[in-house]
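Asks: Starting off with a structure, shown below.
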Amino acid sequence: MPDDDDTLATSSHHDWLRRAEELIPALPVAHRVAGADQDGSGGTFPVVSPRDGRTLALVADAGEKEVDLAVAAARRAFDDGPWPRLAPADRGRALLRIAALVEERRAELALTVALENGKPVTEAYGIELRALANTFRWYGQLADKLTDEAPHTGPGALALVTREPSGVVGAVVPWNFPLTLAAWKVAPALAAGCTVVLKPSELTPLSALALGRVADEAGLPPGVLNVVAGDGPTAGRALGRHPDVDVLAFTGSAAVGRRFLRYAADSNLKRVWLELGGKSPNIVLPDAPDLASAAATAAWGIFFNQGEMCTAPSRLLVHSAVAEEVTAAVVERAAALRVGDPLDPATEMGALAGAARVAAVEEHVRRGAEAGARLRAGGGPLDRVPGGSYFAPTVFDRVTPAMALAREEIFGPVLSVLTFDTLEEAVALANGTEYGLAAGLWTADLSVAHTVARRLRAGTVWVNCYEEGDLTVPFGGYKQSGNGRDKSAHALEKYTELKTTWIRL
Ligand code: NAD
């Protein structure tokens with residue numbers, strides 16, 4: 001499969017369709033355990049493309065037994081294998097080799113994500129795959145740059161505070177960024193010296209299974225990264241309750257996050273790290289440096305990745321003096337957005353993750369209209385590719401804080417516009433949610449930017465932009481959006497234990 005940037009930049013719809021036909025029969029369908037394919041005895045389940053309803057593959061379905069085998073492989077690799085004992089620079093080099101191989105396979109992996117998830121292949125290639133390679137590269141480069149502490153104690157003692165790898169990590173991730181979110185767990189865990197069992201979403205296991213193969217090809221010792229496919233209530237639960245898993249790193253819904261806390265309480269009190277949902281506010285003040293850009297970014301933010309973003313700016317809080325101007329611009333953008341085949345490079349918004357997602361989003365829209373919000377754009381499914389799961393970019397205004405539209409995470413392309421008159425009101429509206437993942441703020445006043453940013457109870461605050469950043473900054477939530485942080489050096493805290501060694505001199 002040709003894979004250089006130039007070829008891809010000029011790839012036509014026809015080229016991607018042809019590549020898909022070549023790729024589908026070769027998609028990986030077996031678990032990846034201890035460096036080898038394992039079919040297991042749990043039967044198979046179909047992975048259906050939301051692009052057109054086609055069954056892409058029948059994938060091995062992990063039951064408790066398969067999860068046990070994967071955890072045992074990770075345990076052996078941690079307890080007896082070389083990985084945790086390697087010089088950090090050598091672990092780093094292995095991660096850099098994974099990054100390089102990911103880049104070689106970039107088109108194939110991007111296409112796998114687009115087919116199983118429904119997002120535009122150009123975004124899978126340009127955003128998700130770039131993030132995947134960058135994440136492995138960043139943690140590979142970081143691996144040997146860390147130092148421990150020797151606190152100042154009295155003259156009679158030497159104290160050392162060292163970080164040690166926590167052990168076996170279970171990583172359970174969702175379908176909206178199947179590779180990026182896996183990498184945000186796997187790369188820092190491996191850099192820290194842990195071994196991993198990754199369980200992707202049952203909707204999007206194919207790219208993660210492919211990543212498991214790439215990691216083995218890059219020379220990870222067997223058992224360091226294992227990937228099992230299976231559903232949440234069986235495979236996810238088995239990982240969550242497993243006595244040999246030391247750390248459980250989860251990204252997904254708050255409801256399932258709660259379950260992992262229970263699994264840990266009922267088993268071995270493993271550390272549980274949660275990256276959960278959001279209902280993020282995006283505040284537009286009348287002195288925004290550029291209202292047109294604020295509106296364009298608000299639209300881009302809510303419709304990017306079909307709205308299937310934990311950080312989606314799903315509540316647009318706009319000052320009443322500029323509310324109509326901003327809302328009209330967002331509505332115009334929603335109506336103009338090209339929704340269509342994920343394999344067409346002209347597509348700006350692809351398919352939702354499946355028929356069940358379309359039904360769930362439709363239900364939110366129905367209840368929103370019933371509650372009295374005004375539908376300004378979209379509002380229902382679209383026919384694009386026969387059998388596919390397409391939904392129109394949707395905008396409601398006249399939303400009030402009590403409405404479900406303002407409170408519940410929709411995880412689809414639905415924007416709720418609320419208005420305010422004072423800064424106090426804006427901050428109260430912004431914080432009036434059980435979530436606290438992210439927030440946006442548009443103002444030209446430096447002092448307002450800082451004071452409001454300080455008052456927003458969110459893990460990330462974007463000022464005069466949205467969804468920007470790189471691997472240097474932590475990512476995660478306040479309140480019911482989770483605990484701990486992915487990305488940055490802080491992510492290593494999730495996969496290491498602090499040890500104090502006190503030596504009397
Ligand atoms: P989900 O919680 O339904 O599933 C996530 C993972 O948990 C999947 O692998 C699934 O198989 C597994 N799972 C489901 N039920 C389980 C159970 N009973 N026991 C154990 N495991 C189980 O979430 P989803 O629908 O895949 O993803 C959407 C959610 O993820 C949204 O709430 C979104 O906000 C959140 N999300 C958060 C972030 C973040 O970084 N904060 C990023 C992306 C998505």
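Chain labels follow the order of the structure tokens: the first chain is A, the next B, and so on; residue numbering restarts at 1 in every chain, and ligands are counted from 1 in their shown order.
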Can I get the residues close to ligand 1 as a PyMOL selection string, where close means within 8 Å and we count only C-alpha atoms and all ligand atoms?
Replies: chain A and resi 172-177+181+199-203+230-240+250-257+259-260+274-278+308-311+409+411+437+475-477+481-482+486
Asks: List the neighbours of Gly35 (chain A) out to 8 Å using only C-alpha atoms; skip same-chain residues closer than 4 positions along the sequence, and give me the result as JSON, numbers by chain.
Replies: {"A": [213, 216, 221, 222, 223, 226]}
Asks: Store the residues picked out above in a file with C-alpha atoms, as a compact mmCIF listing (two decimals), in the first residue's frame.
Replies:
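So the final result, stored in out.txt, reads:
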# COMPACT_ATOMS: atom_id res chain seq x y z
CA ARG A 213 1.11 -6.54 15.90
CA ASP A 216 5.57 -6.87 18.47
CA PRO A 221 9.52 -8.51 24.31
CA PRO A 222 6.59 -11.00 24.24
CA GLY A 223 3.85 -10.19 26.71
CA ASN A 226 -1.18 -7.72 24.79
Asks: A:Ala312, A:Val121, A:Val365, A:Val358: which is nearest Ser11 (chain A), counting only C-alpha atoms?
Replies: A:Val121
Asks: Hey, which of A:Asp290, A:Asp266, A:Asp68, A:Asp341 ends up closest to Val197 (chain A)? Count only C-alpha atoms.
Replies: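 For Val197 (chain A), the nearest of the candidates is A:Asp68.
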Asks: Skip Gly140 (chain A) itself and residues of its chain fewer than 3 positions away, then list as a PyMOL selection string all residues within 12 Å of it, counting only C-alpha atoms.
Replies: chain A and resi 88-100+133-137+143-146+183+186-193+489
Asks: Among the residues of region 215-412 of chain A, find those DSSP assigns to alpha helix (DSSP H) from the backbone and print them as a PyMOL selection string.
Replies: chain A and resi 215-217+237-241+254-266+291-303+323-336+355-370+404-407
Asks: As a list in words, which residues of region 381-486 of chain A does DSSP assign to strand (DSSP E)?
Replies: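 Of region 381-486 of chain A, the ones in strand (DSSP E) are Pro381, Leu382, Tyr390, Phe391, Thr394, Val395, Phe396, Asp397, Val414, Leu415, Ser416, Val417, Leu418, Thr419, Phe420, Ala438, Ala439, Gly440, Leu441, Trp442, Thr460, Val461, Trp462 and Val463 of chain A.
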Asks: Put those residues in a file: N, CA, C and O atoms, as a tab-separated table (two decimals), in the first residue's frame.
Replies:
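Produced file out.tsv, reproduced below:
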chain	number	residue	atom	x	y	z
A	381	PRO	N	-31.37	11.92	11.00
A	381	PRO	CA	-30.42	11.12	10.22
A	381	PRO	C	-30.38	11.56	8.76
A	381	PRO	O	-31.33	12.18	8.26
A	382	LEU	N	-29.30	11.25	8.09
A	382	LEU	CA	-29.12	11.57	6.67
A	382	LEU	C	-28.82	10.28	5.91
A	382	LEU	O	-28.16	9.39	6.44
A	390	TYR	N	-25.50	8.12	9.28
A	390	TYR	CA	-25.18	9.54	9.13
A	390	TYR	C	-26.21	10.41	9.84
A	390	TYR	O	-27.38	10.05	9.90
A	391	PHE	N	-25.74	11.54	10.36
A	391	PHE	CA	-26.65	12.42	11.11
A	391	PHE	C	-26.32	13.87	10.76
A	391	PHE	O	-25.15	14.25	10.61
A	394	THR	N	-26.43	19.49	14.00
A	394	THR	CA	-27.68	19.97	14.62
A	394	THR	C	-27.39	21.10	15.61
A	394	THR	O	-26.45	21.01	16.40
A	395	VAL	N	-28.22	22.14	15.55
A	395	VAL	CA	-28.06	23.28	16.47
A	395	VAL	C	-29.42	23.60	17.10
A	395	VAL	O	-30.41	23.77	16.38
A	396	PHE	N	-29.44	23.69	18.42
A	396	PHE	CA	-30.60	24.17	19.16
A	396	PHE	C	-30.24	25.49	19.83
A	396	PHE	O	-29.18	25.59	20.45
A	397	ASP	N	-31.13	26.49	19.76
A	397	ASP	CA	-30.97	27.62	20.67
A	397	ASP	C	-32.18	27.66	21.60
A	397	ASP	O	-32.98	26.73	21.63
A	414	VAL	N	-24.53	17.64	18.13
A	414	VAL	CA	-25.67	18.46	18.58
A	414	VAL	C	-25.16	19.57	19.50
A	414	VAL	O	-24.59	19.30	20.56
A	415	LEU	N	-25.41	20.81	19.07
A	415	LEU	CA	-24.97	21.97	19.85
A	415	LEU	C	-26.17	22.60	20.55
A	415	LEU	O	-27.24	22.77	19.95
A	416	SER	N	-25.98	22.96	21.83
A	416	SER	CA	-27.02	23.67	22.58
A	416	SER	C	-26.53	25.08	22.86
A	416	SER	O	-25.45	25.26	23.45
A	417	VAL	N	-27.31	26.07	22.45
A	417	VAL	CA	-26.92	27.47	22.67
A	417	VAL	C	-27.71	28.03	23.84
A	417	VAL	O	-28.95	27.96	23.87
A	418	LEU	N	-26.99	28.58	24.83
A	418	LEU	CA	-27.61	29.25	25.98
A	418	LEU	C	-27.07	30.68	26.02
A	418	LEU	O	-25.95	30.93	25.58
A	419	THR	N	-27.85	31.59	26.56
A	419	THR	CA	-27.38	32.97	26.62
A	419	THR	C	-27.23	33.43	28.06
A	419	THR	O	-27.81	32.84	28.99
A	420	PHE	N	-26.44	34.52	28.24
A	420	PHE	CA	-26.25	35.12	29.56
A	420	PHE	C	-26.06	36.62	29.39
A	420	PHE	O	-25.80	37.10	28.27
A	438	ALA	N	-13.42	20.21	30.10
A	438	ALA	CA	-12.80	21.30	29.34
A	438	ALA	C	-13.75	22.48	29.28
A	438	ALA	O	-14.94	22.36	29.60
A	439	ALA	N	-13.19	23.64	28.88
A	439	ALA	CA	-14.02	24.83	28.71
A	439	ALA	C	-13.31	25.75	27.72
A	439	ALA	O	-12.09	25.70	27.57
A	440	GLY	N	-14.12	26.58	27.04
A	440	GLY	CA	-13.55	27.58	26.13
A	440	GLY	C	-14.01	28.96	26.56
A	440	GLY	O	-15.06	29.12	27.21
A	441	LEU	N	-13.20	29.96	26.23
A	441	LEU	CA	-13.51	31.33	26.61
A	441	LEU	C	-12.98	32.26	25.54
A	441	LEU	O	-11.83	32.14	25.12
A	442	TRP	N	-13.85	33.18	25.08
A	442	TRP	CA	-13.46	34.10	24.01
A	442	TRP	C	-13.57	35.52	24.53
A	442	TRP	O	-14.67	36.00	24.81
A	460	THR	N	-9.03	21.52	31.38
A	460	THR	CA	-8.39	22.33	30.34
A	460	THR	C	-9.28	23.53	30.06
A	460	THR	O	-10.50	23.37	29.91
A	461	VAL	N	-8.69	24.72	30.01
A	461	VAL	CA	-9.43	25.91	29.58
A	461	VAL	C	-8.72	26.48	28.35
A	461	VAL	O	-7.52	26.76	28.39
A	462	TRP	N	-9.46	26.59	27.27
A	462	TRP	CA	-8.91	27.18	26.06
A	462	TRP	C	-9.38	28.63	25.96
A	462	TRP	O	-10.58	28.91	26.10
A	463	VAL	N	-8.45	29.54	25.72
A	463	VAL	CA	-8.80	30.94	25.56
A	463	VAL	C	-8.57	31.35	24.10
A	463	VAL	O	-7.45	31.20	23.58
Asks: Measuring atom to atom with only C-alpha atoms, identify which of A:Asp344, A:Asp244, A:Glu21, A:Asp287 is nearest to Ala70 (chain A).
Replies: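 Using only C-alpha atoms, the shortest distance to Ala70 (chain A) belongs to A:Asp244.
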Asks: Which value, in Å to one decimal, gives the distance between CA of Ala392 (chain A) and CA of Gly469 (chain A)?
Replies: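 Between CA of Ala392 (chain A) and CA of Gly469 (chain A) the gap works out to 28.1 Å.
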Asks: Env of Gly40 (chain A): 9 Å cut, atoms = only C-alpha atoms, seq-sep filter 3 positions within chain, self excluded. Answer as number ranges by chain.
Replies: A: 30-31, 43, 60-63, 65-66
Asks: Could those selected residues go to a file with C-alpha atoms, as a CSV table (one decimal), in the first residue's frame?
Replies:
chain,number,residue,atom,x,y,z
A,30,ALA,CA,-7.1,-12.7,16.5
A,31,HIS,CA,-6.1,-11.5,20.0
A,43,GLY,CA,-16.2,-17.6,19.5
A,60,ALA,CA,-12.1,-13.3,18.3
A,61,ASP,CA,-14.3,-12.7,21.4
A,62,ALA,CA,-12.5,-12.7,24.7
A,63,GLY,CA,-14.1,-14.4,27.6
A,65,LYS,CA,-10.3,-17.4,30.0
A,66,GLU,CA,-8.7,-15.2,27.2
